[in-house]
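Text of data_34.cif (mmCIF, C-alpha atoms and all ligand atoms) as supplied:
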data_my_file
loop_
_atom_site.label_atom_id
_atom_site.label_comp_id
_atom_site.auth_asym_id
_atom_site.auth_seq_id
_atom_site.Cartn_x
_atom_site.Cartn_y
_atom_site.Cartn_z
CA MET A 1 63.77 72.06 113.21
CA PRO A 2 67.03 70.14 112.67
CA LEU A 3 68.41 68.48 115.78
CA PHE A 4 71.47 70.76 115.91
CA SER A 5 69.19 73.82 115.84
CA GLN A 6 67.17 72.41 118.72
CA VAL A 7 70.38 71.79 120.64
CA ASP A 8 71.54 75.34 119.87
CA GLN A 9 68.28 76.63 121.35
CA TYR A 10 68.85 74.44 124.41
CA ILE A 11 72.37 75.85 124.88
CA GLU A 12 71.07 79.36 124.29
CA GLU A 13 68.42 79.00 127.01
CA LEU A 14 71.00 77.64 129.44
CA LEU A 15 74.10 79.70 128.74
CA ALA A 16 73.59 82.41 126.14
CA VAL A 17 70.53 84.34 127.26
CA GLU A 18 70.09 87.73 125.60
CA ASP A 19 69.59 90.75 127.84
CA GLN A 20 67.29 93.66 126.94
CA ASP A 21 69.95 95.45 124.87
CA LEU A 22 70.65 92.37 122.76
CA LYS A 23 66.95 91.65 122.29
CA ARG A 24 66.40 95.24 121.20
CA ALA A 25 69.31 95.11 118.76
CA ARG A 26 68.04 91.83 117.24
CA LEU A 27 64.53 93.24 116.93
CA ALA A 28 65.83 96.36 115.16
CA ILE A 29 67.55 94.12 112.58
CA VAL A 30 64.32 92.13 112.07
CA GLN A 31 62.33 95.35 111.72
CA ALA A 32 64.79 96.66 109.14
CA GLN A 33 64.06 93.43 107.19
CA TRP A 34 67.75 92.71 106.75
CA PRO A 35 69.06 89.19 106.20
CA ASP A 36 69.59 87.10 109.31
CA GLN A 37 73.38 87.35 109.22
CA SER A 38 74.25 88.41 112.74
CA ILE A 39 76.10 85.88 114.87
CA SER A 40 74.01 83.53 117.02
CA PRO A 41 73.70 84.02 120.79
CA VAL A 42 75.90 80.97 121.40
CA GLN A 43 78.56 82.46 119.12
CA GLY A 44 78.19 85.77 120.98
CA LYS A 45 78.86 83.95 124.22
CA LEU A 46 81.91 82.30 122.66
CA LEU A 47 83.28 85.74 121.70
CA GLN A 48 82.73 86.78 125.32
CA CYS A 49 84.72 83.75 126.51
CA PHE A 50 87.64 84.79 124.30
CA ILE A 51 87.46 88.37 125.54
CA HIS A 52 87.64 87.15 129.15
CA SER A 53 90.38 84.64 128.41
CA CYS A 54 92.71 87.32 127.03
CA ASN A 55 91.49 90.10 129.35
CA ALA A 56 90.72 92.14 126.26
CA LYS A 57 90.59 95.87 126.87
CA ARG A 58 90.84 96.85 123.23
CA VAL A 59 88.71 95.10 120.64
CA LEU A 60 88.30 95.85 116.93
CA GLU A 61 85.36 94.68 114.84
CA LEU A 62 85.08 94.89 111.05
CA GLY A 63 81.45 94.82 109.91
CA THR A 64 79.14 96.23 112.56
CA PHE A 65 75.93 95.37 110.69
CA GLY A 66 73.22 95.93 113.36
CA ALA A 67 75.71 95.97 116.28
CA TYR A 68 74.43 92.64 117.60
CA SER A 69 77.91 91.06 117.84
CA THR A 70 79.28 94.45 118.91
CA LEU A 71 77.04 94.41 121.97
CA TRP A 72 77.82 90.79 122.86
CA MET A 73 81.53 91.64 122.85
CA ALA A 74 81.23 95.00 124.63
CA LYS A 75 79.27 93.33 127.44
CA ALA A 76 82.28 91.15 128.28
CA MET A 77 84.71 94.07 128.45
CA PRO A 78 85.81 96.05 131.50
CA HIS A 79 84.44 99.56 132.12
CA ASP A 80 87.69 101.13 130.89
CA GLY A 81 87.73 98.93 127.78
CA LYS A 82 87.24 100.18 124.24
CA LEU A 83 85.61 98.53 121.27
CA ILE A 84 86.04 100.13 117.85
CA THR A 85 83.59 98.83 115.27
CA ILE A 86 83.74 99.70 111.57
CA GLU A 87 80.80 99.76 109.16
CA CYS A 88 80.77 100.98 105.56
CA SER A 89 77.01 101.17 105.11
CA GLU A 90 75.34 104.32 106.44
CA GLU A 91 72.05 102.42 106.52
CA HIS A 92 73.48 99.70 108.77
CA ALA A 93 75.34 102.27 110.87
CA ALA A 94 72.15 104.23 111.58
CA VAL A 95 70.43 101.19 113.10
CA ALA A 96 73.63 100.13 114.89
CA ARG A 97 74.15 103.61 116.33
CA ASN A 98 70.66 103.57 117.78
CA SER A 99 71.03 100.12 119.36
CA ILE A 100 74.44 101.07 120.78
CA ALA A 101 73.11 104.36 122.17
CA GLN A 102 70.34 102.54 124.05
CA SER A 103 72.73 99.97 125.54
CA ASP A 104 74.58 99.98 128.85
CA GLN A 105 77.88 99.82 126.94
CA CYS A 106 77.38 102.96 124.81
CA ASN A 107 80.38 104.77 126.32
CA ASN A 108 82.83 101.99 125.47
CA ILE A 109 81.86 101.55 121.83
CA GLU A 110 83.15 103.74 119.01
CA LEU A 111 81.35 103.25 115.70
CA GLN A 112 83.40 104.39 112.71
CA VAL A 113 81.59 104.68 109.40
CA GLY A 114 83.85 104.24 106.41
CA VAL A 115 85.94 101.91 104.30
CA ALA A 116 87.67 99.41 106.58
CA LEU A 117 90.80 99.14 104.41
CA GLU A 118 91.31 102.90 104.63
CA LEU A 119 90.46 103.22 108.33
CA LEU A 120 92.74 100.31 109.27
CA THR A 121 95.58 101.62 107.12
CA ALA A 122 95.26 104.97 108.88
CA MET A 123 95.38 103.19 112.26
CA VAL A 124 98.57 101.36 111.23
CA GLU A 125 100.16 104.59 110.02
CA SER A 126 99.30 106.42 113.23
CA ASN A 127 100.80 103.61 115.35
CA THR A 128 97.50 102.84 117.06
CA GLU A 129 97.91 100.79 120.22
CA PRO A 130 97.49 97.08 119.35
CA PHE A 131 94.15 95.37 119.81
CA ASP A 132 93.75 92.36 122.10
CA MET A 133 91.08 90.84 119.90
CA ILE A 134 89.92 91.50 116.34
CA PHE A 135 86.67 90.13 114.89
CA ILE A 136 86.54 90.20 111.08
CA ASP A 137 82.96 89.93 109.87
CA ALA A 138 82.79 92.43 107.00
CA ASP A 139 82.56 91.92 103.21
CA LYS A 140 84.28 88.71 102.20
CA PRO A 141 86.32 89.52 99.04
CA PRO A 142 89.03 91.54 100.90
CA TYR A 143 89.37 89.07 103.81
CA VAL A 144 93.12 88.50 103.16
CA ALA A 145 93.77 92.26 103.18
CA TYR A 146 91.72 92.62 106.37
CA PHE A 147 93.66 89.80 108.01
CA LYS A 148 97.04 91.29 107.06
CA LEU A 149 96.03 94.66 108.47
CA ALA A 150 94.68 92.95 111.59
CA LEU A 151 98.13 91.39 112.06
CA LYS A 152 99.70 94.84 111.91
CA LEU A 153 97.29 96.02 114.59
CA SER A 154 98.04 93.05 116.86
CA ARG A 155 100.68 91.97 119.35
CA LYS A 156 101.87 88.55 120.48
CA GLY A 157 98.84 86.81 122.00
CA SER A 158 96.18 88.84 120.19
CA ILE A 159 93.24 86.79 118.94
CA ILE A 160 91.88 87.23 115.42
CA ILE A 161 88.52 85.66 114.60
CA CYS A 162 87.01 85.62 111.10
CA ASP A 163 83.36 84.78 110.46
CA ASN A 164 81.83 82.91 107.51
CA VAL A 165 84.82 80.99 106.18
CA VAL A 166 82.91 77.77 105.36
CA ARG A 167 79.76 79.18 103.72
CA ASN A 168 77.54 76.11 103.72
CA GLY A 169 80.50 74.01 102.59
CA LYS A 170 80.80 75.99 99.35
CA VAL A 171 84.41 76.61 100.39
CA LEU A 172 85.18 73.16 98.91
CA ASP A 173 84.12 74.26 95.42
CA LYS A 174 87.37 75.12 93.67
CA ASP A 175 85.47 76.42 90.65
CA SER A 176 83.15 78.70 92.59
CA SER A 177 82.41 82.01 90.88
CA ASP A 178 80.84 83.44 94.07
CA GLU A 179 83.12 86.32 95.11
CA LYS A 180 82.25 85.78 98.78
CA VAL A 181 83.31 82.14 98.56
CA ARG A 182 86.46 83.07 96.64
CA GLY A 183 87.33 85.69 99.25
CA VAL A 184 87.21 83.24 102.14
CA GLN A 185 88.98 80.56 100.08
CA ARG A 186 91.85 83.01 99.55
CA LEU A 187 91.99 83.68 103.30
CA ASN A 188 91.94 80.01 104.27
CA THR A 189 94.70 79.24 101.76
CA TYR A 190 96.75 82.23 102.93
CA LEU A 191 96.51 80.97 106.53
CA LYS A 192 98.12 77.66 105.56
CA THR A 193 101.46 79.43 105.17
CA CYS A 194 100.95 82.39 107.50
CA ALA A 195 103.79 81.98 109.99
CA GLU A 196 102.58 84.81 112.24
CA VAL A 197 99.66 82.90 113.76
CA THR A 198 98.60 79.57 115.15
CA CYS A 199 95.11 79.01 113.86
CA THR A 200 92.32 76.67 112.94
CA ILE A 201 88.83 76.77 111.50
CA LEU A 202 85.86 75.52 113.48
CA GLN A 203 82.67 74.67 111.63
CA THR A 204 79.62 76.32 113.14
CA VAL A 205 76.23 74.63 113.10
CA GLY A 206 73.18 75.62 115.06
CA SER A 207 70.48 78.22 114.65
CA LYS A 208 72.32 79.93 111.77
CA GLU A 209 73.36 78.64 108.35
CA TYR A 210 76.10 76.04 108.34
CA ASP A 211 79.34 78.04 108.34
CA GLY A 212 82.65 78.34 110.17
CA MET A 213 85.05 80.69 111.93
CA VAL A 214 88.82 81.13 111.87
CA PHE A 215 90.40 81.30 115.33
CA ALA A 216 93.95 82.65 115.16
CA VAL A 217 96.40 83.54 117.93
CA VAL A 218 99.26 85.84 117.00
CA LYS A 219 102.66 84.28 117.77
C1 LIG B 1 77.02 87.04 104.90
C2 LIG B 1 77.80 87.81 105.72
C3 LIG B 1 77.94 87.48 107.04
O1 LIG B 1 78.74 88.18 107.87
C4 LIG B 1 77.28 86.37 107.56
O2 LIG B 1 77.49 86.08 108.87
C5 LIG B 1 76.49 85.60 106.76
C6 LIG B 1 76.36 85.93 105.41
C7 LIG B 1 76.90 87.39 103.47
O3 LIG B 1 77.36 88.46 103.08
O4 LIG B 1 76.34 86.60 102.71
MG MG B 2 79.21 87.03 109.58
#
What do you get writing this file as structure tokens?
Amino acid sequence: MPLFSQVDQYIEELLAVEDQDLKRARLAIVQAQWPDQSISPVQGKLLQCFIHSCNAKRVLELGTFGAYSTLWMAKAMPHDGKLITIECSEEHAAVARNSIAQSDQCNNIELQVGVALELLTAMVESNTEPFDMIFIDADKPPYVAYFKLALKLSRKGSIIICDNVVRNGKVLDKDSSDEKVRGVQRLNTYLKTCAEVTCTILQTVGSKEYDGMVFAVVK
């Protein structure tokens, strides 16, 4: 095991221990034989730190997958908090729904099944109350559109986090024909001139593939 994976395990055992709900959600993803593309426990704990730091009561997630990150975030929220998570795949949503239903946070999580661009546009049009934190972890090609809609659903001080923006370093390949890579390249380039946020990208190494996350604060 690479040294950074061993260190991730060390940090996990110290500071990012999964409870029963998280273990169950991870197991359900393994049993479904889906790719290992949930966030890591240490990343889950980082999302919790952000939720606490901004006292987030309203959180939006794009890309529920098996609800593993959903549960990490919901567990850091107050009892009157609300987490809306959006998933376009009925197959993913079925597993997620089950893991959410069995968790202590089931009453604070609303799983919406549908096309994120449409659901977010509807939220903007209905003047939905802004979110304190938005975690973008859905399909990569529309990342710029997701980010722009996230801005419309934010207020000054909201935090927007985007997963998978480094993709094993493939983000450096200007000639990439991989639509996932091109999607995150478009986002990263867009952020260079986006005046509405202060942001950076942190590379993520550890138990998962080498990748990175955007951390943006709305100005
Ligand atoms: C992919 C998506 C993810 O959200 C992730 O964390 C890793 C990989 C993907 O679609 O390849
Ligand atoms: Mg991801």
- Task: Would you list the residues near (99.3, 89.7, 114.6), meaning any protein, DNA or RNA residue with an atom at most 9 Å from that point in file coordinates, counting all atoms listed in the file, as an NGL selection string?
- Result: :A and (130 or 147-160 or 196-197 or 216-219)
- Query: Counting all atoms listed in the file, what residues are within 9 Å of ligand MG 2 (chain B), given as a list in words?
  - Reply: Gln37, Ser38, Ile39, Gly63, Ile136, Asp137, Ala138, Asp139, Cys162, Asp163, Asn164, Val165 and Met213 of chain A
Draw an axis-aligned box tight on the listed atoms of stretch 165-173 of chain A, then pad every side by 6 Å and write out centre and edge lengths in Å to one decimal as lines of an AutoDock Vina configuration file.
center_x = 81.4
center_y = 77.1
center_z = 100.8
size_x = 19.6
size_y = 19.8
size_z = 22.8
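Proximity to A:Gln102 at 10 Å, evaluated using all atoms listed in the file and with sequence-adjacent residues fewer than 5 positions away removed, yields Gln20, Asp21, Arg24, Ala25 and Arg97 of chain A.
Here atom CA of A:Val124 and atom CA of A:Val95 stand 28.2 Å from one another.
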- Query: Contacts of stretch 168-182 of chain A at 7 Å or less, counting all atoms listed in the file, minus same-chain residues fewer than 5 places along, as a PyMOL selection string?
  - Reply: chain A and resi 140-141+209-211
- Task: Report the distance between atom CA of A:Asp132 and atom CA of A:Gly44 in Å, rounded to one decimal place.
- Result: 16.9 Å
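Between A:Pro142 and the candidates A:Met123, A:Ala116, A:Leu22, A:Val166, the tightest atom-to-atom separation, counting only C-alpha atoms, involves A:Ala116.
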- Task: Quick one: pull the distance between atom CA of A:His92 and atom CA of A:Leu46, Å, one decimal.
- Result: 23.8 Å
Give as an mmCIF file with C-alpha atoms, in the coordinates of the input each residue that has an atom at most 10 Å from (77.5, 101.9, 125.1) in the file, counting all atoms listed in the file.
data_model
loop_
_atom_site.group_PDB
_atom_site.id
_atom_site.type_symbol
_atom_site.label_atom_id
_atom_site.label_comp_id
_atom_site.auth_asym_id
_atom_site.auth_seq_id
_atom_site.Cartn_x
_atom_site.Cartn_y
_atom_site.Cartn_z
ATOM 1 C CA ASP A 21 69.950 95.450 124.870
ATOM 2 C CA THR A 70 79.280 94.450 118.910
ATOM 3 C CA LEU A 71 77.040 94.410 121.970
ATOM 4 C CA ALA A 74 81.230 95.000 124.630
ATOM 5 C CA LYS A 75 79.270 93.330 127.440
ATOM 6 C CA LYS A 82 87.240 100.180 124.240
ATOM 7 C CA LEU A 83 85.610 98.530 121.270
ATOM 8 C CA ARG A 97 74.150 103.610 116.330
ATOM 9 C CA SER A 99 71.030 100.120 119.360
ATOM 10 C CA ILE A 100 74.440 101.070 120.780
ATOM 11 C CA ALA A 101 73.110 104.360 122.170
ATOM 12 C CA GLN A 102 70.340 102.540 124.050
ATOM 13 C CA SER A 103 72.730 99.970 125.540
ATOM 14 C CA ASP A 104 74.580 99.980 128.850
ATOM 15 C CA GLN A 105 77.880 99.820 126.940
ATOM 16 C CA CYS A 106 77.380 102.960 124.810
ATOM 17 C CA ASN A 107 80.380 104.770 126.320
ATOM 18 C CA ASN A 108 82.830 101.990 125.470
ATOM 19 C CA ILE A 109 81.860 101.550 121.830
ATOM 20 C CA GLU A 110 83.150 103.740 119.010
#
- Quick one: of A:Thr193, A:Ser40, A:Asn98, A:Thr198, who's nearest to ligand LIG 1 (chain B), counting only C-alpha atoms and all ligand atoms? A:Ser40
